[in-house]
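In what follows, a structure is listed as structure tokens, so that the remarks can point back to it.
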Amino acid sequence: MSRKLVAYFSESGITAKVAENLADAIGADLFEIVPAVRYTHTDLDWRNENSRSSIEMKNPASRPPVETVRDNISEYDVIFVGFPIWWYVAPTIINTFLEQHDLAGKTIIPFATSGGSGMGKTNEALKPSCPASNLLEGRVFKENTSKDELAGWANKF
């Protein structure tokens, strides 16, 4: 049986809830991707083109630093990576996480939460950050997705 990790970034708590339920449903370890500098409400105002999140997302090379690197990533075969959809892709902090780890040969499965968007061009934006891994197509979930539904999806991998 492969070891699984659910790594996630969440500022509102919605993605955190889905990630926690997913990890519990499939018996995976859980890891929160925490920004070195937490986002404020003002930072997350997508309607303000000068907000921190808007500036980061306009620059595909942006790599917001993270607080902690997962030191035992080599122990996992399958890594589910969760995040809210920002501008139809993963927040660039997800690229930071992926680039900080040796993911060669690992299966990476993104999952997201969104108020209405799909996965958009998420894989296109993430693939350069994990080129030696098997990046699979992900899925968007709602906050109230059941553990059974999460397990049914995740156990296919």
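All residue names refer to the structure tokens as shown: chains lettered A, B, ... in order, residues numbered from 1 in each chain, ligands numbered from 1 in order.
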Next on the checklist: At a cut-off of 8 Å, using only C-alpha atoms, what residues contact Ala19 (chain A)? Leave out same-chain residues fewer than 3 positions from it and give the result as a list in words.
Outcome noted: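 Near neighbours after the sequence-gap exclusion: Val6, Ala7, Tyr8, Thr15, Ala16, Leu22, Ala23, Leu30 and Gly82 of chain A.
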Write the residues of the selection above to a file with N, CA and C atoms, as a PDB file, in the first residue's frame.
```pdb
ATOM      1  N   VAL A   6      -1.782  14.463   2.279  1.00  0.00           N
ATOM      2  CA  VAL A   6      -2.656  15.542   1.841  1.00  0.00           C
ATOM      3  C   VAL A   6      -1.999  16.832   2.316  1.00  0.00           C
ATOM      4  N   ALA A   7      -1.475  17.604   1.367  1.00  0.00           N
ATOM      5  CA  ALA A   7      -0.871  18.901   1.661  1.00  0.00           C
ATOM      6  C   ALA A   7      -1.840  19.961   1.158  1.00  0.00           C
ATOM      7  N   TYR A   8      -2.034  21.006   1.944  1.00  0.00           N
ATOM      8  CA  TYR A   8      -3.026  21.996   1.529  1.00  0.00           C
ATOM      9  C   TYR A   8      -2.643  23.398   1.984  1.00  0.00           C
ATOM     10  N   THR A  15     -10.771  25.191   2.313  1.00  0.00           N
ATOM     11  CA  THR A  15      -9.900  24.137   1.784  1.00  0.00           C
ATOM     12  C   THR A  15      -9.367  23.275   2.915  1.00  0.00           C
ATOM     13  N   ALA A  16      -9.094  23.873   4.060  1.00  0.00           N
ATOM     14  CA  ALA A  16      -8.609  23.110   5.220  1.00  0.00           C
ATOM     15  C   ALA A  16      -9.621  22.037   5.610  1.00  0.00           C
ATOM     16  N   LEU A  22     -10.595  14.739   3.654  1.00  0.00           N
ATOM     17  CA  LEU A  22      -9.962  13.842   2.693  1.00  0.00           C
ATOM     18  C   LEU A  22      -8.919  12.965   3.387  1.00  0.00           C
ATOM     19  N   ALA A  23      -8.054  13.575   4.172  1.00  0.00           N
ATOM     20  CA  ALA A  23      -7.008  12.818   4.873  1.00  0.00           C
ATOM     21  C   ALA A  23      -7.627  11.769   5.798  1.00  0.00           C
ATOM     22  N   LEU A  30      -1.476  14.548   6.990  1.00  0.00           N
ATOM     23  CA  LEU A  30      -1.955  15.892   6.659  1.00  0.00           C
ATOM     24  C   LEU A  30      -0.839  16.902   6.892  1.00  0.00           C
ATOM     25  N   GLY A  82      -4.010  20.489  -2.072  1.00  0.00           N
ATOM     26  CA  GLY A  82      -5.251  21.248  -2.064  1.00  0.00           C
ATOM     27  C   GLY A  82      -5.044  22.742  -1.916  1.00  0.00           C
TER      28      GLY A  82
END
```
Residue list (strand (DSSP E), DSSP) for region 26-145 of chain A, as a list in words:
Asp29, Leu30, Phe31, Glu32, Val78, Ile79, Phe80, Val81, Gly82, Phe83, Pro84, Thr107, Ile108, Ile109, Pro110, Phe111, Ala112, Thr113, Asn134, Leu135, Arg139, Val140 and Phe141 of chain A
What is the distance, in Å and to one decimal place, between CA of Ile55 (chain A) and CA of Ile85 (chain A)?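 For CA of Ile55 (chain A) relative to CA of Ile85 (chain A), the distance reads 15.5 Å.
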As a PyMOL selection string, please: the residues near Ala154 (chain A) (cut-off 9 Å, only C-alpha atoms, same-chain neighbours under 5 positions excluded).
chain A and resi 22+25-26+80+109+149
Export of prior selection with all heavy atoms as a tab-separated table (two decimals), in the first residue's frame:
```tsv
chain	number	residue	atom	x	y	z
A	22	LEU	N	-10.60	14.74	3.65
A	22	LEU	CA	-9.96	13.84	2.69
A	22	LEU	C	-8.92	12.97	3.39
A	22	LEU	O	-8.92	11.74	3.22
A	22	LEU	CB	-9.31	14.64	1.56
A	22	LEU	CG	-8.48	13.85	0.55
A	22	LEU	CD1	-9.32	12.80	-0.16
A	22	LEU	CD2	-7.83	14.80	-0.45
A	25	ALA	N	-10.62	10.43	5.50
A	25	ALA	CA	-11.35	9.44	4.71
A	25	ALA	C	-10.44	8.39	4.08
A	25	ALA	O	-10.85	7.25	3.90
A	25	ALA	CB	-12.16	10.14	3.61
A	26	ILE	N	-9.20	8.76	3.77
A	26	ILE	CA	-8.31	7.81	3.08
A	26	ILE	C	-7.13	7.38	3.94
A	26	ILE	O	-6.24	6.67	3.47
A	26	ILE	CB	-7.82	8.37	1.73
A	26	ILE	CG1	-6.97	9.63	1.91
A	26	ILE	CG2	-9.00	8.60	0.79
A	26	ILE	CD1	-6.29	10.12	0.64
A	80	PHE	N	-1.69	14.45	-2.49
A	80	PHE	CA	-2.84	15.27	-2.86
A	80	PHE	C	-2.49	16.69	-2.43
A	80	PHE	O	-2.08	16.91	-1.29
A	80	PHE	CB	-4.10	14.80	-2.13
A	80	PHE	CG	-4.57	13.44	-2.57
A	80	PHE	CD1	-4.09	12.29	-1.95
A	80	PHE	CD2	-5.48	13.31	-3.60
A	80	PHE	CE1	-4.52	11.04	-2.34
A	80	PHE	CE2	-5.91	12.05	-4.01
A	80	PHE	CZ	-5.42	10.92	-3.38
A	109	ILE	N	-1.73	14.84	-7.13
A	109	ILE	CA	-3.13	15.00	-7.51
A	109	ILE	C	-3.66	16.28	-6.88
A	109	ILE	O	-3.85	16.35	-5.66
A	109	ILE	CB	-3.97	13.80	-7.04
A	109	ILE	CG1	-3.36	12.50	-7.57
A	109	ILE	CG2	-5.41	13.94	-7.52
A	109	ILE	CD1	-3.54	11.33	-6.67
A	149	GLU	N	-17.72	10.73	-0.46
A	149	GLU	CA	-17.45	11.20	-1.81
A	149	GLU	C	-15.97	11.46	-2.02
A	149	GLU	O	-15.39	11.10	-3.06
A	149	GLU	CB	-18.25	12.48	-2.11
A	149	GLU	CG	-18.08	12.94	-3.54
A	149	GLU	CD	-18.90	14.18	-3.91
A	149	GLU	OE1	-19.82	14.53	-3.15
A	149	GLU	OE2	-18.60	14.78	-4.95
```
Using only C-alpha atoms, which protein or nucleic acid residues come within 10 Å of region 91-93 of chain A? Drop anything in the same chain fewer than 5 positions from it, and give the result as a tab-separated table (two decimals) with all heavy atoms, in the first residue's frame.
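What ended up in selection_32.tsv:
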```tsv
chain	number	residue	atom	x	y	z
A	9	PHE	N	-3.16	24.38	1.23
A	9	PHE	CA	-3.06	25.79	1.56
A	9	PHE	C	-4.49	26.30	1.70
A	9	PHE	O	-5.32	26.05	0.82
A	9	PHE	CB	-2.33	26.55	0.45
A	9	PHE	CG	-2.50	28.04	0.52
A	9	PHE	CD1	-1.91	28.78	1.53
A	9	PHE	CD2	-3.26	28.70	-0.42
A	9	PHE	CE1	-2.08	30.16	1.60
A	9	PHE	CE2	-3.44	30.09	-0.37
A	9	PHE	CZ	-2.83	30.80	0.65
A	33	ILE	N	0.29	23.89	4.22
A	33	ILE	CA	1.24	24.78	3.57
A	33	ILE	C	0.94	26.18	4.10
A	33	ILE	O	-0.08	26.78	3.77
A	33	ILE	CB	1.09	24.74	2.03
A	33	ILE	CG1	1.30	23.31	1.52
A	33	ILE	CG2	2.05	25.73	1.37
A	33	ILE	CD1	0.85	23.09	0.09
A	34	VAL	N	1.82	26.66	4.96
A	34	VAL	CA	1.60	27.94	5.65
A	34	VAL	C	2.52	29.00	5.06
A	34	VAL	O	3.74	28.80	4.99
A	34	VAL	CB	1.89	27.79	7.17
A	34	VAL	CG1	1.70	29.12	7.89
A	34	VAL	CG2	1.00	26.72	7.77
A	35	PRO	N	1.97	30.13	4.64
A	35	PRO	CA	2.81	31.20	4.13
A	35	PRO	C	3.72	31.75	5.24
A	35	PRO	O	3.31	31.83	6.39
A	35	PRO	CB	1.84	32.28	3.67
A	35	PRO	CG	0.47	31.73	3.86
A	35	PRO	CD	0.55	30.47	4.63
A	53	SER	N	-2.45	39.34	-3.13
A	53	SER	CA	-2.81	38.17	-3.95
A	53	SER	C	-2.91	38.54	-5.43
A	53	SER	O	-2.48	37.77	-6.29
A	53	SER	CB	-4.11	37.54	-3.46
A	53	SER	OG	-5.17	38.46	-3.53
A	56	GLU	N	0.68	38.88	-6.76
A	56	GLU	CA	1.30	37.56	-6.91
A	56	GLU	C	0.76	36.81	-8.12
A	56	GLU	O	1.52	36.20	-8.87
A	56	GLU	CB	1.08	36.72	-5.65
A	56	GLU	CG	1.87	37.18	-4.46
A	56	GLU	CD	1.52	36.44	-3.18
A	56	GLU	OE1	0.67	35.53	-3.20
A	56	GLU	OE2	2.12	36.78	-2.15
A	57	MET	N	-0.54	36.86	-8.30
A	57	MET	CA	-1.15	36.07	-9.36
A	57	MET	C	-0.94	36.68	-10.75
A	57	MET	O	-1.03	35.97	-11.74
A	57	MET	CB	-2.64	35.87	-9.08
A	57	MET	CG	-2.91	35.04	-7.82
A	57	MET	SD	-2.04	33.45	-7.76
A	57	MET	CE	-2.89	32.56	-9.05
A	58	LYS	N	-0.61	37.96	-10.82
A	58	LYS	CA	-0.28	38.58	-12.11
A	58	LYS	C	1.10	38.15	-12.58
A	58	LYS	O	1.43	38.29	-13.75
A	58	LYS	CB	-0.32	40.10	-11.99
A	58	LYS	CG	-1.70	40.69	-11.94
A	58	LYS	CD	-1.60	42.19	-11.80
A	58	LYS	CE	-2.90	42.79	-11.38
A	58	LYS	NZ	-2.78	44.22	-11.08
A	59	ASN	N	1.92	37.66	-11.65
A	59	ASN	CA	3.29	37.28	-11.96
A	59	ASN	C	3.46	35.78	-11.80
A	59	ASN	O	3.63	35.29	-10.69
A	59	ASN	CB	4.25	38.03	-11.04
A	59	ASN	CG	5.69	37.66	-11.27
A	59	ASN	OD1	6.01	36.90	-12.18
A	59	ASN	ND2	6.58	38.19	-10.45
A	60	PRO	N	3.44	35.02	-12.90
A	60	PRO	CA	3.56	33.56	-12.79
A	60	PRO	C	4.86	33.10	-12.13
A	60	PRO	O	4.96	31.97	-11.66
A	60	PRO	CB	3.49	33.07	-14.24
A	60	PRO	CG	3.00	34.22	-15.03
A	60	PRO	CD	3.27	35.47	-14.26
A	61	ALA	N	5.86	33.97	-12.07
A	61	ALA	CA	7.14	33.61	-11.44
A	61	ALA	C	7.11	33.88	-9.93
A	61	ALA	O	8.07	33.54	-9.22
A	61	ALA	CB	8.28	34.39	-12.08
A	62	SER	N	6.05	34.45	-9.42
A	62	SER	CA	5.93	34.73	-7.99
A	62	SER	C	6.00	33.43	-7.20
A	62	SER	O	5.33	32.45	-7.53
A	62	SER	CB	4.60	35.45	-7.72
A	62	SER	OG	4.37	35.54	-6.34
A	63	ARG	N	6.79	33.43	-6.15
A	63	ARG	CA	6.91	32.27	-5.28
A	63	ARG	C	6.89	32.74	-3.83
A	63	ARG	O	7.93	32.93	-3.20
A	63	ARG	CB	8.20	31.47	-5.55
A	63	ARG	CG	8.29	30.84	-6.92
A	63	ARG	CD	7.22	29.79	-7.11
A	63	ARG	NE	7.30	29.13	-8.41
A	63	ARG	CZ	6.65	29.52	-9.50
A	63	ARG	NH1	5.86	30.59	-9.47
A	63	ARG	NH2	6.77	28.85	-10.62
A	64	PRO	N	5.70	32.96	-3.28
A	64	PRO	CA	5.61	33.38	-1.88
A	64	PRO	C	6.28	32.33	-0.98
A	64	PRO	O	6.05	31.13	-1.15
A	64	PRO	CB	4.10	33.44	-1.61
A	64	PRO	CG	3.47	33.51	-2.95
A	64	PRO	CD	4.38	32.80	-3.89
A	65	PRO	N	7.13	32.76	-0.07
A	65	PRO	CA	7.81	31.79	0.79
A	65	PRO	C	6.84	31.10	1.75
A	65	PRO	O	5.83	31.67	2.16
A	65	PRO	CB	8.83	32.63	1.56
A	65	PRO	CG	8.38	34.04	1.42
A	65	PRO	CD	7.53	34.13	0.20
A	66	VAL	N	7.18	29.85	2.08
A	66	VAL	CA	6.38	29.09	3.03
A	66	VAL	C	7.14	28.99	4.35
A	66	VAL	O	8.37	29.09	4.39
A	66	VAL	CB	6.00	27.70	2.51
A	66	VAL	CG1	5.14	27.80	1.27
A	66	VAL	CG2	7.22	26.85	2.24
A	83	PHE	N	-5.97	23.49	-2.47
A	83	PHE	CA	-5.87	24.95	-2.49
A	83	PHE	C	-7.18	25.55	-2.97
A	83	PHE	O	-7.97	24.87	-3.65
A	83	PHE	CB	-4.74	25.40	-3.44
A	83	PHE	CG	-4.78	24.67	-4.75
A	83	PHE	CD1	-5.59	25.08	-5.80
A	83	PHE	CD2	-4.02	23.52	-4.93
A	83	PHE	CE1	-5.64	24.39	-7.00
A	83	PHE	CE2	-4.07	22.80	-6.13
A	83	PHE	CZ	-4.88	23.25	-7.17
A	84	PRO	N	-7.41	26.82	-2.69
A	84	PRO	CA	-8.54	27.52	-3.32
A	84	PRO	C	-8.12	27.92	-4.74
A	84	PRO	O	-6.93	28.16	-5.00
A	84	PRO	CB	-8.73	28.75	-2.44
A	84	PRO	CG	-7.37	29.00	-1.86
A	84	PRO	CD	-6.71	27.66	-1.71
A	85	ILE	N	-9.05	27.99	-5.64
A	85	ILE	CA	-8.76	28.48	-6.99
A	85	ILE	C	-8.66	30.00	-6.94
A	85	ILE	O	-9.56	30.67	-6.42
A	85	ILE	CB	-9.87	28.05	-7.99
A	85	ILE	CG1	-9.86	26.54	-8.20
A	85	ILE	CG2	-9.71	28.79	-9.32
A	85	ILE	CD1	-8.66	26.01	-8.95
A	86	TRP	N	-7.56	30.51	-7.42
A	86	TRP	CA	-7.34	31.96	-7.56
A	86	TRP	C	-7.07	32.24	-9.02
A	86	TRP	O	-6.16	31.67	-9.60
A	86	TRP	CB	-6.14	32.42	-6.75
A	86	TRP	CG	-6.30	32.45	-5.26
A	86	TRP	CD1	-7.37	32.02	-4.53
A	86	TRP	CD2	-5.33	32.92	-4.31
A	86	TRP	NE1	-7.13	32.20	-3.20
A	86	TRP	CE2	-5.89	32.76	-3.02
A	86	TRP	CE3	-4.05	33.45	-4.42
A	86	TRP	CZ2	-5.22	33.11	-1.87
A	86	TRP	CZ3	-3.39	33.81	-3.28
A	86	TRP	CH2	-3.96	33.65	-2.00
A	98	LEU	N	5.72	22.84	-4.26
A	98	LEU	CA	6.14	21.78	-5.17
A	98	LEU	C	7.64	21.88	-5.48
A	98	LEU	O	8.35	20.87	-5.51
A	98	LEU	CB	5.33	21.83	-6.47
A	98	LEU	CG	3.84	21.54	-6.34
A	98	LEU	CD1	3.12	21.81	-7.66
A	98	LEU	CD2	3.58	20.12	-5.86
A	99	GLU	N	8.11	23.09	-5.70
A	99	GLU	CA	9.52	23.30	-6.06
A	99	GLU	C	10.48	23.06	-4.91
A	99	GLU	O	11.66	22.81	-5.13
A	99	GLU	CB	9.70	24.70	-6.64
A	99	GLU	CG	9.01	24.86	-7.99
A	99	GLU	CD	8.91	26.29	-8.48
A	99	GLU	OE1	9.50	27.21	-7.84
A	99	GLU	OE2	8.25	26.51	-9.50
A	122	THR	N	-4.96	24.98	-14.09
A	122	THR	CA	-4.15	24.62	-12.93
A	122	THR	C	-2.97	23.73	-13.29
A	122	THR	O	-1.84	24.02	-12.94
A	122	THR	CB	-5.04	23.96	-11.86
A	122	THR	OG1	-5.98	24.92	-11.39
A	122	THR	CG2	-4.22	23.45	-10.70
A	125	ALA	N	-0.17	25.39	-15.12
A	125	ALA	CA	0.63	26.27	-14.27
A	125	ALA	C	1.49	25.49	-13.26
A	125	ALA	O	2.53	25.97	-12.84
A	125	ALA	CB	-0.27	27.25	-13.53
A	126	LEU	N	1.05	24.30	-12.88
A	126	LEU	CA	1.79	23.52	-11.88
A	126	LEU	C	2.85	22.60	-12.48
A	126	LEU	O	3.86	22.32	-11.83
A	126	LEU	CB	0.82	22.68	-11.04
A	126	LEU	CG	-0.14	23.43	-10.14
A	126	LEU	CD1	-1.01	22.45	-9.37
A	126	LEU	CD2	0.59	24.38	-9.20
```
Mind checking DSSP for region 43-117 of chain A and telling me the alpha helix (DSSP H) residues as a PyMOL selection string? chain A and resi 52-58+92-99
Interatomic distance, CA of Val78 (chain A) to CA of Glu124 (chain A) (Å, one decimal):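 Taking CA of Val78 (chain A) and CA of Glu124 (chain A), their separation equals 19.4 Å.
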In Å and to one decimal, CA of Gly116 (chain A) is distant from CA of Ser51 (chain A) by 21.3 Å
In terms of the shortest atom-to-atom distance over only C-alpha atoms, which of A:Phe157, A:Tyr76, A:Phe31, A:Trp87 is closest to Leu44 (chain A)?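 Among A:Phe157, A:Tyr76, A:Phe31, A:Trp87, it is A:Trp87 that comes nearest to Leu44 (chain A).
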**Asked** Can you list, as an MDAnalysis selection string, every protein, DNA or RNA residue that comes within 8 Å of Phe141 (chain A) when you count only C-alpha atoms, leaving out same-chain residues fewer than 6 positions away?
**Response** chainID A and resid 18 111:114
Item to check | Close residues, Lys106 (chain A) itself excluded, 9 Å, only C-alpha atoms, min 3 positions apart in chain, as a ChimeraX atom specification | outcome: /A:74,76-79,102-103,132-135
Could you write those residues out with N, CA and C atoms, as a compact mmCIF listing (two decimals), in the first residue's frame?
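So the final result, stored in selection22.txt, reads:
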```txt
# COMPACT_ATOMS: atom_id res chain seq x y z
N SER A 74 9.99 12.15 1.04
CA SER A 74 10.44 10.93 0.36
C SER A 74 9.63 9.70 0.79
N TYR A 76 6.45 9.42 0.88
CA TYR A 76 5.13 9.38 0.25
C TYR A 76 5.22 9.05 -1.23
N ASP A 77 4.26 8.26 -1.68
CA ASP A 77 4.15 7.92 -3.10
C ASP A 77 3.12 8.79 -3.81
N VAL A 78 2.05 9.11 -3.09
CA VAL A 78 0.94 9.88 -3.63
C VAL A 78 0.75 11.12 -2.76
N ILE A 79 0.70 12.28 -3.42
CA ILE A 79 0.52 13.54 -2.69
C ILE A 79 -0.66 14.28 -3.29
N ASP A 102 11.69 17.25 -3.60
CA ASP A 102 12.03 16.34 -4.68
C ASP A 102 10.83 15.42 -4.89
N LEU A 103 10.10 15.66 -5.95
CA LEU A 103 8.88 14.91 -6.21
C LEU A 103 9.03 13.92 -7.37
N ALA A 132 9.22 16.03 -12.92
CA ALA A 132 9.58 14.61 -12.88
C ALA A 132 8.53 13.77 -12.16
N SER A 133 7.40 14.37 -11.86
CA SER A 133 6.33 13.65 -11.18
C SER A 133 5.21 13.34 -12.17
N ASN A 134 4.27 12.54 -11.72
CA ASN A 134 3.09 12.21 -12.51
C ASN A 134 1.96 13.10 -12.01
N LEU A 135 1.76 14.23 -12.66
CA LEU A 135 0.73 15.20 -12.26
C LEU A 135 -0.59 14.81 -12.93
```
Could you check the closest approach to Glu20 (chain A) for each of A:Ser146, A:Thr40, A:Asn48, A:Ser54 and tell me which residue wins, using only C-alpha atoms?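 The closest residue to Glu20 (chain A) is A:Ser146.
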**Study point:** Minimum-distance residue to Val89 (chain A), chosen among A:Pro110, A:Pro128, A:Gly105, A:Gly120 (using only C-alpha atoms)
**Key:**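 So, comparing all the options, the nearest one is A:Gly120.
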Nearest to Gln100 (chain A), chosen from A:Glu67, A:Asp45, A:Glu143, A:Glu137, with only C-alpha atoms counted in the distances: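 Looking at the shortest contact to Gln100 (chain A), the residue is A:Glu67.
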